[in-house]
file structure.cif (mmCIF, C-alpha atoms)
data_entry
#
loop_
_atom_site.label_atom_id
_atom_site.label_comp_id
_atom_site.auth_asym_id
_atom_site.auth_seq_id
_atom_site.Cartn_x
_atom_site.Cartn_y
_atom_site.Cartn_z
CA MET A 1 0.00 0.00 0.00
CA THR A 2 1.27 3.44 -0.91
CA VAL A 3 1.49 5.78 2.04
CA PRO A 4 0.22 9.26 1.12
CA ARG A 5 2.98 11.85 1.19
CA LYS A 6 2.60 14.41 3.95
CA PRO A 7 1.97 17.90 2.53
CA PRO A 8 4.97 20.21 3.00
CA GLY A 9 4.83 22.77 5.79
CA LEU A 10 6.68 25.94 6.79
CA VAL A 11 9.44 23.83 8.37
CA ASP A 12 10.05 22.09 5.04
CA VAL A 13 10.15 25.39 3.18
CA ALA A 14 12.62 26.81 5.72
CA ALA A 15 14.87 23.75 5.41
CA GLN A 16 14.76 23.87 1.61
CA ALA A 17 15.63 27.59 1.56
CA GLY A 18 18.21 27.34 4.34
CA VAL A 19 16.51 29.99 6.49
CA SER A 20 14.48 30.09 9.70
CA VAL A 21 10.74 29.44 9.92
CA SER A 22 10.18 33.02 11.07
CA THR A 23 12.00 34.28 8.01
CA VAL A 24 9.75 32.21 5.75
CA SER A 25 6.71 33.66 7.52
CA ARG A 26 7.99 37.23 7.08
CA VAL A 27 8.63 36.70 3.38
CA LEU A 28 5.30 35.04 2.62
CA THR A 29 3.07 37.38 4.65
CA GLY A 30 4.78 40.60 3.64
CA ARG A 31 4.67 41.90 7.22
CA THR A 32 8.34 42.92 7.24
CA PRO A 33 10.44 44.11 4.26
CA VAL A 34 13.15 41.64 3.17
CA SER A 35 15.75 41.70 0.42
CA GLU A 36 14.73 40.62 -3.07
CA LYS A 37 17.41 37.91 -2.97
CA LEU A 38 15.95 36.41 0.22
CA ARG A 39 12.40 36.65 -1.08
CA ALA A 40 13.38 34.88 -4.30
CA LYS A 41 15.12 32.09 -2.35
CA VAL A 42 12.05 31.44 -0.19
CA GLN A 43 9.66 31.66 -3.15
CA ALA A 44 11.79 29.14 -5.06
CA ALA A 45 11.51 26.72 -2.14
CA VAL A 46 7.73 27.27 -1.98
CA ASP A 47 7.42 26.56 -5.70
CA ASP A 48 9.71 23.50 -5.60
CA LEU A 49 7.83 21.92 -2.69
CA GLY A 50 4.36 22.98 -3.85
CA TYR A 51 3.64 24.45 -0.42
CA HIS A 52 0.02 25.61 0.09
CA PRO A 53 -1.33 26.54 3.56
CA ASN A 54 -4.58 24.80 4.41
CA ALA A 55 -6.76 27.77 5.30
CA ALA A 56 -9.82 25.67 6.13
CA ALA A 57 -7.89 23.50 8.57
CA GLN A 58 -6.38 26.56 10.24
CA THR A 59 -9.83 28.06 10.68
CA LEU A 60 -11.15 24.91 12.37
CA VAL A 61 -8.25 24.93 14.80
CA SER A 62 -8.22 28.65 15.58
CA GLY A 63 -11.89 29.51 15.24
CA LYS A 64 -10.88 32.67 13.37
CA ARG A 65 -12.37 33.90 10.12
CA SER A 66 -10.16 32.91 7.24
CA THR A 67 -11.46 34.99 4.31
CA ILE A 68 -10.43 38.45 3.21
CA ALA A 69 -12.04 40.39 0.35
CA VAL A 70 -10.36 42.51 -2.30
CA LEU A 71 -12.48 45.16 -4.02
CA ALA A 72 -11.30 46.59 -7.35
CA ARG A 73 -12.65 48.24 -10.50
CA ASN A 74 -10.39 46.18 -12.75
CA THR A 75 -8.59 42.85 -12.43
CA ALA A 76 -7.04 42.50 -15.89
CA ARG A 77 -4.92 45.64 -16.29
CA TYR A 78 -1.26 45.11 -15.38
CA GLY A 79 -1.04 47.08 -12.13
CA TYR A 80 -4.28 45.67 -10.75
CA ALA A 81 -3.46 42.07 -11.69
CA ALA A 82 0.07 42.21 -10.25
CA THR A 83 -1.19 43.80 -7.01
CA LEU A 84 -3.82 41.08 -6.71
CA GLN A 85 -1.08 38.48 -7.22
CA GLY A 86 0.93 39.90 -4.32
CA ILE A 87 -2.13 40.04 -2.04
CA GLU A 88 -3.12 36.47 -2.87
CA GLU A 89 0.39 35.08 -2.36
CA ALA A 90 0.81 36.74 1.03
CA ALA A 91 -2.73 35.95 2.18
CA ARG A 92 -2.46 32.30 1.18
CA ALA A 93 0.84 31.97 3.02
CA ALA A 94 -0.84 33.37 6.14
CA GLY A 95 -3.72 30.91 5.84
CA TYR A 96 -6.38 33.17 4.35
CA VAL A 97 -8.68 32.67 1.39
CA VAL A 98 -9.05 35.67 -0.93
CA MET A 99 -12.44 36.68 -2.34
CA ILE A 100 -12.35 39.20 -5.21
CA GLY A 101 -15.20 41.63 -5.76
CA VAL A 102 -15.28 43.66 -8.99
CA ILE A 103 -17.00 47.06 -8.89
CA GLU A 104 -18.99 47.33 -12.12
CA SER A 105 -18.91 51.14 -12.37
CA GLY A 106 -18.62 54.32 -10.37
CA GLU A 107 -22.39 54.59 -9.98
CA PRO A 108 -23.27 54.77 -6.25
CA SER A 109 -25.77 51.92 -6.68
CA ASP A 110 -23.09 49.62 -8.15
CA ILE A 111 -20.64 50.48 -5.38
CA THR A 112 -23.27 49.91 -2.69
CA ARG A 113 -24.31 46.60 -4.26
CA ALA A 114 -20.72 45.33 -4.38
CA ILE A 115 -20.08 46.34 -0.78
CA ASP A 116 -23.30 44.72 0.44
CA VAL A 117 -22.51 41.44 -1.33
CA THR A 118 -18.96 41.47 0.02
CA LEU A 119 -19.90 42.24 3.61
CA SER A 120 -22.57 39.54 3.58
CA GLN A 121 -19.67 37.08 3.88
CA ALA A 122 -17.90 36.23 7.15
CA LEU A 123 -14.79 38.31 6.52
CA ALA A 124 -11.65 38.92 8.54
CA GLY A 125 -10.81 42.10 6.60
CA VAL A 126 -11.02 44.01 3.31
CA ILE A 127 -8.47 45.45 0.87
CA VAL A 128 -9.46 48.10 -1.68
CA ILE A 129 -7.30 48.66 -4.76
CA GLU A 130 -7.53 52.44 -4.97
CA PHE A 131 -5.94 53.06 -8.37
CA ASP A 132 -8.91 54.95 -9.81
CA GLU A 133 -11.88 57.12 -8.87
CA VAL A 134 -14.05 54.05 -8.35
CA GLY A 135 -11.56 52.72 -5.81
CA VAL A 136 -11.59 56.05 -3.96
CA ALA A 137 -15.40 56.09 -3.86
CA THR A 138 -15.51 52.46 -2.71
CA LEU A 139 -13.11 53.13 0.15
CA ASP A 140 -15.14 56.16 1.23
CA ALA A 141 -18.38 54.13 1.18
CA LEU A 142 -17.16 51.16 3.26
CA PRO A 143 -18.64 51.01 6.77
CA ASP A 144 -16.33 50.58 9.74
CA VAL A 145 -17.24 46.97 10.53
CA VAL A 146 -14.02 45.07 9.72
CA PRO A 147 -10.37 46.14 9.30
CA VAL A 148 -9.92 47.85 5.91
CA VAL A 149 -6.70 48.85 4.15
CA ALA A 150 -6.02 50.17 0.64
CA ALA A 151 -3.38 49.88 -2.07
CA ALA A 152 -2.68 53.14 -3.91
CA GLY A 153 -0.19 54.87 -6.16
CA ALA A 154 0.24 58.47 -5.03
CA ARG A 155 1.48 58.95 -1.49
CA ARG A 156 -0.49 61.42 0.62
CA LYS A 157 -1.31 62.31 4.21
CA SER A 158 -2.84 59.57 6.34
CA GLY A 159 -6.58 59.24 5.88
CA SER A 160 -9.36 57.13 7.33
CA TYR A 161 -7.64 53.84 6.46
CA PRO A 162 -4.04 52.59 6.32
CA HIS A 163 -2.48 52.51 2.86
CA GLY A 164 0.23 50.70 1.00
CA PHE A 165 1.68 53.26 -1.41
CA LEU A 166 3.89 53.11 -4.50
CA ASP A 167 4.82 56.82 -4.25
CA ASP A 168 4.54 57.43 -7.99
CA GLU A 169 4.91 61.17 -7.34
CA ALA A 170 8.57 60.54 -6.48
CA GLY A 171 8.87 58.44 -9.64
CA GLY A 172 7.39 61.16 -11.83
CA ARG A 173 9.75 63.71 -10.36
CA GLU A 174 12.84 61.55 -10.83
CA ALA A 175 11.98 60.74 -14.46
CA THR A 176 11.44 64.42 -15.26
CA GLU A 177 14.67 65.46 -13.54
CA TYR A 178 16.52 62.83 -15.55
CA LEU A 179 15.15 64.13 -18.86
CA LEU A 180 16.05 67.70 -17.92
CA SER A 181 19.56 66.53 -17.04
CA LEU A 182 19.92 65.34 -20.64
CA GLY A 183 19.53 68.93 -21.82
CA HIS A 184 15.86 68.93 -22.79
CA ARG A 185 14.37 72.40 -22.32
CA THR A 186 11.16 70.94 -20.90
CA VAL A 187 9.24 67.65 -20.68
CA HIS A 188 5.74 67.06 -22.02
CA HIS A 189 3.39 64.73 -20.16
CA VAL A 190 0.79 62.34 -21.58
CA ALA A 191 -1.24 61.53 -18.47
CA ILE A 192 -3.38 58.64 -17.30
CA PRO A 193 -6.69 59.47 -15.55
CA ALA A 194 -6.22 60.75 -12.00
CA THR A 195 -8.01 59.54 -8.87
CA ARG A 196 -7.98 63.08 -7.52
CA ARG A 197 -7.17 66.48 -9.05
CA ARG A 198 -3.90 65.13 -10.47
CA SER A 199 -2.19 61.75 -10.47
CA GLY A 200 0.91 61.34 -8.31
CA ARG A 201 3.16 61.07 -11.34
CA GLU A 202 1.71 64.31 -12.72
CA TRP A 203 2.39 66.07 -9.41
CA GLY A 204 5.99 64.83 -9.54
CA TRP A 205 6.42 65.91 -13.18
CA ARG A 206 5.10 69.40 -12.45
CA ALA A 207 7.17 69.81 -9.28
CA ALA A 208 10.39 68.88 -11.09
CA LEU A 209 9.75 71.37 -13.90
CA GLU A 210 8.87 74.17 -11.50
CA ALA A 211 11.92 73.49 -9.32
CA ALA A 212 14.16 73.67 -12.40
CA GLY A 213 12.51 76.85 -13.69
CA ALA A 214 11.54 74.99 -16.87
CA PRO A 215 8.38 75.74 -18.87
CA VAL A 216 5.37 73.68 -17.76
CA PRO A 217 3.47 72.55 -20.90
CA ASP A 218 -0.23 71.72 -20.87
CA VAL A 219 -0.90 68.14 -19.83
CA VAL A 220 -2.12 65.90 -22.64
CA PRO A 221 -4.88 63.69 -21.16
CA ALA A 222 -5.23 60.05 -22.16
CA LEU A 223 -6.67 56.79 -20.88
CA TYR A 224 -4.52 53.68 -20.39
CA SER A 225 -4.18 51.85 -23.72
CA PRO A 226 -1.62 52.18 -26.55
CA THR A 227 -4.42 53.42 -28.81
CA SER A 228 -5.16 56.20 -26.35
CA GLY A 229 -1.48 57.12 -26.30
CA TYR A 230 -1.38 57.19 -30.08
CA ASP A 231 -4.41 59.47 -30.25
CA ALA A 232 -3.12 61.78 -27.52
CA ALA A 233 0.26 62.11 -29.20
CA GLN A 234 -1.28 63.75 -32.26
CA ALA A 235 -1.17 67.00 -30.30
CA LEU A 236 2.62 66.70 -29.97
CA VAL A 237 4.13 64.91 -32.96
CA ASP A 238 4.34 67.90 -35.33
CA ASP A 239 5.89 70.29 -32.80
CA PRO A 240 9.69 70.42 -33.21
CA GLU A 241 10.00 71.87 -29.70
CA VAL A 242 8.76 68.57 -28.26
CA THR A 243 11.96 66.63 -27.52
CA ALA A 244 11.03 64.71 -24.34
CA ILE A 245 7.78 63.03 -23.31
CA LEU A 246 6.90 61.38 -19.99
CA CYS A 247 4.00 58.95 -20.38
CA GLY A 248 1.61 57.91 -17.61
CA ASN A 249 2.24 54.21 -18.27
CA ASP A 250 4.23 51.98 -20.61
CA GLU A 251 1.23 51.26 -22.84
CA LEU A 252 0.74 54.96 -23.51
CA ALA A 253 4.47 55.18 -24.31
CA ILE A 254 4.09 52.51 -27.00
CA GLY A 255 1.22 54.41 -28.63
CA VAL A 256 3.09 57.72 -28.40
CA ALA A 257 6.16 56.13 -29.98
CA ARG A 258 4.10 54.77 -32.88
CA ALA A 259 2.68 58.23 -33.57
CA LEU A 260 6.16 59.82 -33.50
CA VAL A 261 7.68 57.24 -35.84
CA GLU A 262 4.85 57.66 -38.32
CA ARG A 263 5.74 61.37 -38.49
CA GLY A 264 9.37 60.51 -39.20
CA ARG A 265 10.62 61.46 -35.72
CA ARG A 266 13.25 59.09 -34.37
CA ILE A 267 13.45 57.72 -30.82
CA PRO A 268 15.62 58.73 -29.03
CA GLU A 269 17.56 60.86 -31.55
CA ASP A 270 14.72 63.36 -32.03
CA VAL A 271 12.45 62.65 -29.07
CA SER A 272 13.14 60.89 -25.77
CA VAL A 273 10.24 58.81 -24.45
CA VAL A 274 9.83 57.56 -20.87
CA GLY A 275 7.12 55.17 -19.65
CA PHE A 276 5.84 54.21 -16.23
CA ASP A 277 5.40 50.83 -14.46
CA ASP A 278 8.09 48.69 -16.22
CA GLN A 279 5.68 46.16 -17.67
CA PRO A 280 7.29 42.91 -18.90
CA PHE A 281 7.33 44.06 -22.53
CA ALA A 282 9.17 47.33 -21.78
CA GLN A 283 12.69 45.96 -22.08
CA MET A 284 11.83 43.96 -25.22
CA TRP A 285 10.43 46.93 -27.14
CA VAL A 286 12.69 48.50 -29.79
CA PRO A 287 14.25 50.72 -28.64
CA ALA A 288 14.07 49.28 -25.10
CA LEU A 289 11.88 51.59 -23.03
CA THR A 290 13.25 53.81 -20.29
CA THR A 291 10.62 53.63 -17.57
CA VAL A 292 9.81 54.06 -13.90
CA ALA A 293 9.63 50.59 -12.32
CA GLN A 294 6.81 50.07 -9.84
CA ASP A 295 6.67 46.76 -7.98
CA PHE A 296 2.94 46.10 -7.85
CA THR A 297 3.38 42.55 -6.55
CA ASP A 298 5.35 43.89 -3.60
CA LEU A 299 2.63 46.51 -3.09
CA GLY A 300 0.10 43.69 -2.79
CA ARG A 301 2.25 41.87 -0.24
CA ARG A 302 2.86 45.03 1.78
CA THR A 303 -0.82 45.96 1.77
CA PHE A 304 -1.82 42.52 2.99
CA GLY A 305 0.91 42.84 5.62
CA LEU A 306 -0.83 45.97 6.95
CA LEU A 307 -4.18 44.19 7.05
CA ASP A 308 -2.66 41.14 8.73
CA GLU A 309 -1.03 43.31 11.39
CA TRP A 310 -4.34 45.03 12.09
CA MET A 311 -6.23 41.72 12.27
CA ARG A 312 -3.65 40.17 14.61
CA THR A 313 -3.07 43.09 16.97
CA GLY A 314 -6.31 45.06 16.77
CA GLU A 315 -4.24 48.23 16.31
CA ARG A 316 -4.24 50.33 13.16
CA PRO A 317 -0.86 50.04 11.39
CA LEU A 318 1.12 52.88 9.86
CA ASP A 319 1.13 53.50 6.11
CA SER A 320 3.77 51.75 3.99
CA ALA A 321 5.49 53.36 0.98
CA VAL A 322 8.32 52.33 -1.34
CA ARG A 323 9.94 54.69 -3.83
CA PRO A 324 9.87 53.52 -7.48
CA ARG A 325 13.09 53.12 -9.52
CA LEU A 326 13.98 54.82 -12.78
CA ILE A 327 15.33 52.24 -15.25
CA VAL A 328 17.31 53.85 -18.06
CA ARG A 329 17.27 51.96 -21.34
CA GLU A 330 17.44 52.97 -25.00
CA SER A 331 14.47 55.28 -25.56
CA THR A 332 16.13 58.37 -24.03
CA ALA A 333 19.18 60.39 -25.07
CA PRO A 334 20.66 63.90 -24.70
CA ARG A 335 18.90 66.59 -26.68
CA ARG A 336 20.49 67.16 -30.06
#
call {"tool": "encode", "arguments": {"input": "structure.cif", "output": "structure tokens"}}
result
Amino acid sequence: MTVPRKPPGLVDVAAQAGVSVSTVSRVLTGRTPVSEKLRAKVQAAVDDLGYHPNAAAQTLVSGKRSTIAVLARNTARYGYAATLQGIEEAARAAGYVVMIGVIESGEPSDITRAIDVTLSQALAGVIVIEFDEVGVATLDALPDVVPVVAAAGARRKSGSYPHGFLDDEAGGREATEYLLSLGHRTVHHVAIPATRRRSGREWGWRAALEAAGAPVPDVVPALYSPTSGYDAAQALVDDPEVTAILCGNDELAIGVARALVERGRRIPEDVSVVGFDDQPFAQMWVPALTTVAQDFTDLGRRTFGLLDEWMRTGERPLDSAVRPRLIVRESTAPRR
């Protein structure tokens, strides 16, 4: 008779990775920041062993609720999907099941309906992905019945709920300062929709220009897709004074680049183009895209870490923010 193999546990993961059990717990729950090298080592051991916490069994033993909900307007777009991945990985490692609720629109009735359905479940806590106006409205509408935290881009003063931030304002400022350092007289901005009066990256772009005493051009509004970037760029492609463009995301940058090339303007010889997010295709594009890297998966882990801390201690945690990184590739060059 074949004896069933015992499912791997945290001890097995720790032994495989050559670290302590507490280290494995820190990595998988996202409660405490760790180095990328250490995180990769633990994740490799998790993947090799096929480790999966048994949330149902843990609930029977502890008597605690084992489900958290994530509310979001979108689950397919890159930033949303990667943030969800980080939340799910960290929650699963901590023994929680993740329920995802999609908000159909920004209509108050749709937001109320989604909240009511979500809170009808026996939840331990809620995470709101606050990347858009719908996320902001959803967070504002949630009643104070369970711990709630939010994942967001632009860093701001503490509000009603703890936040995990990406600090894209700092990223927008750094990218603009870099383009100015290459000798460009100013930087134009093709912007994604903002959750408030301006997006964080737009605030950073504007602050960098004003600090340098550079002209501040009108913002060119767009949505999120390459097509939207292409359409928005029509306002810029025929202006010889446009030599540097900061785009609100990498997809907009691809559309902007297509519009420039069709007008016979070379990248980066004639125009430098910078994206935002560092999506997987960015380094494979020709020329490879200079962009501001935002670790959405880490944001998901950190945001769950805030929720987990609140659920365990009963005390509201402090906000968490990580500064994005500018990755210089081939789509930028000194002004001719």
call {"tool": "residues_around", "arguments": {"input": "structure.cif", "residues": "Arg206 in chain A", "least_positions_apart": "2", "cutoff": "9 Å", "atoms": "only C-alpha atoms", "output": "PyMOL selection string"}}
result
chain A and resi 172-173+176+201-204+208-211+216
call {"tool": "resolve_selection", "arguments": {"input": "structure.cif", "expression": "the PyMOL selection byres ((chain A and resi 188-190) around 7)", "output": "list in words"}}
result
Thr186, Val187, Ala191, Pro217, Val219, Val220, Pro221, Ala222, Ala244, Ile245, Leu246, Cys247 and Gly248 of chain A
call {"tool": "closest_residue", "arguments": {"input": "structure.cif", "among": "A:Glu330, A:Asp298, A:Asp319, A:Asp308", "to": "Ile267 in chain A", "atoms": "all atoms listed in the file"}}
result
A:Glu330
call {"tool": "resolve_selection", "arguments": {"input": "structure.cif", "expression": "the PyMOL selection byres ((chain A and resi 310-312) around 10)", "output": "list in words"}}
result
Ala124, Gly125, Val146, Pro147, Val148, Val149, Pro162, Phe304, Gly305, Leu306, Leu307, Asp308, Glu309, Thr313, Gly314, Glu315, Arg316, Pro317 and Leu318 of chain A
call {"tool": "residues_around", "arguments": {"input": "structure.cif", "residues": "Asn249 in chain A", "least_positions_apart": "2", "cutoff": "9 Å", "atoms": "all atoms listed in the file", "output": "PyMOL selection string"}}
result
chain A and resi 190-192+224-225+246-247+251-253+274-279+291-292
call {"tool": "residues_around", "arguments": {"input": "structure.cif", "residues": "Glu133 in chain A", "least_positions_apart": "3", "cutoff": "12 Å", "atoms": "only C-alpha atoms", "output": "tab-separated table (two decimals) with C-alpha atoms, in the frame of the given file"}}
result
chain	number	residue	atom	x	y	z
A	72	ALA	CA	-11.30	46.59	-7.35
A	73	ARG	CA	-12.65	48.24	-10.50
A	74	ASN	CA	-10.39	46.18	-12.75
A	103	ILE	CA	-17.00	47.06	-8.89
A	105	SER	CA	-18.91	51.14	-12.37
A	106	GLY	CA	-18.62	54.32	-10.37
A	107	GLU	CA	-22.39	54.59	-9.98
A	108	PRO	CA	-23.27	54.77	-6.25
A	111	ILE	CA	-20.64	50.48	-5.38
A	128	VAL	CA	-9.46	48.10	-1.68
A	129	ILE	CA	-7.30	48.66	-4.76
A	130	GLU	CA	-7.53	52.44	-4.97
A	136	VAL	CA	-11.59	56.05	-3.96
A	137	ALA	CA	-15.40	56.09	-3.86
A	138	THR	CA	-15.51	52.46	-2.71
A	139	LEU	CA	-13.11	53.13	0.15
A	140	ASP	CA	-15.14	56.16	1.23
A	152	ALA	CA	-2.68	53.14	-3.91
A	193	PRO	CA	-6.69	59.47	-15.55
A	194	ALA	CA	-6.22	60.75	-12.00
A	195	THR	CA	-8.01	59.54	-8.87
A	196	ARG	CA	-7.98	63.08	-7.52
A	197	ARG	CA	-7.17	66.48	-9.05
A	198	ARG	CA	-3.90	65.13	-10.47
A	199	SER	CA	-2.19	61.75	-10.47
call {"tool": "closest_residue", "arguments": {"input": "structure.cif", "among": "A:Ala321, A:Arg263, A:Ile254, A:Asp238", "to": "Pro33 in chain A", "atoms": "all atoms listed in the file"}}
result
A:Ala321
call {"tool": "atom_distance", "arguments": {"input": "structure.cif", "atom1": "CA of Val19 in chain A", "atom2": "CA of Ile68 in chain A"}}
result
28.4 Å
call {"tool": "atom_distance", "arguments": {"input": "structure.cif", "atom1": "CA of Gly164 in chain A", "atom2": "CA of Gly300 in chain A"}}
result
8.0 Å
call {"tool": "closest_residue", "arguments": {"input": "structure.cif", "among": "A:Asp250, A:Leu299, A:Leu123, A:Phe165", "to": "Tyr96 in chain A", "atoms": "only C-alpha atoms"}}
result
A:Leu123
call {"tool": "atom_distance", "arguments": {"input": "structure.cif", "atom1": "CA of Val237 in chain A", "atom2": "CA of Phe281 in chain A"}}
result
23.5 Å
call {"tool": "axis_aligned_box", "arguments": {"input": "structure.cif", "around": "range 198-213 of chain A", "padding_each_side": "5 Å", "output": "AutoDock Vina command-line options"}}
result
--center_x 5.1 --center_y 69.0 --center_z -11.1 --size_x 28.1 --size_y 25.8 --size_z 15.6
call {"tool": "residues_around", "arguments": {"input": "structure.cif", "residues": "Gly229 in chain A", "least_positions_apart": "2", "cutoff": "6 Å", "atoms": "only C-alpha atoms", "output": "MDAnalysis selection string"}}
result
chainID A and resid 226:227 231:232 252 255:256
call {"tool": "write_last_selection", "arguments": {"input": "structure.cif", "atoms": "C-alpha atoms", "output": "PDB file, in the coordinates of the input"}}
result
ATOM      1  CA  PRO A 226      -1.620  52.180 -26.550  1.00  0.00           C
ATOM      2  CA  THR A 227      -4.420  53.420 -28.810  1.00  0.00           C
ATOM      3  CA  ASP A 231      -4.410  59.470 -30.250  1.00  0.00           C
ATOM      4  CA  ALA A 232      -3.120  61.780 -27.520  1.00  0.00           C
ATOM      5  CA  LEU A 252       0.740  54.960 -23.510  1.00  0.00           C
ATOM      6  CA  GLY A 255       1.220  54.410 -28.630  1.00  0.00           C
ATOM      7  CA  VAL A 256       3.090  57.720 -28.400  1.00  0.00           C
TER       8      VAL A 256
END
call {"tool": "resolve_selection", "arguments": {"input": "structure.cif", "expression": "the PyMOL selection byres ((chain A and resi 325) around 9)", "output": "PyMOL selection string"}}
result
chain A and resi 171+174+291-294+323-324+326-327
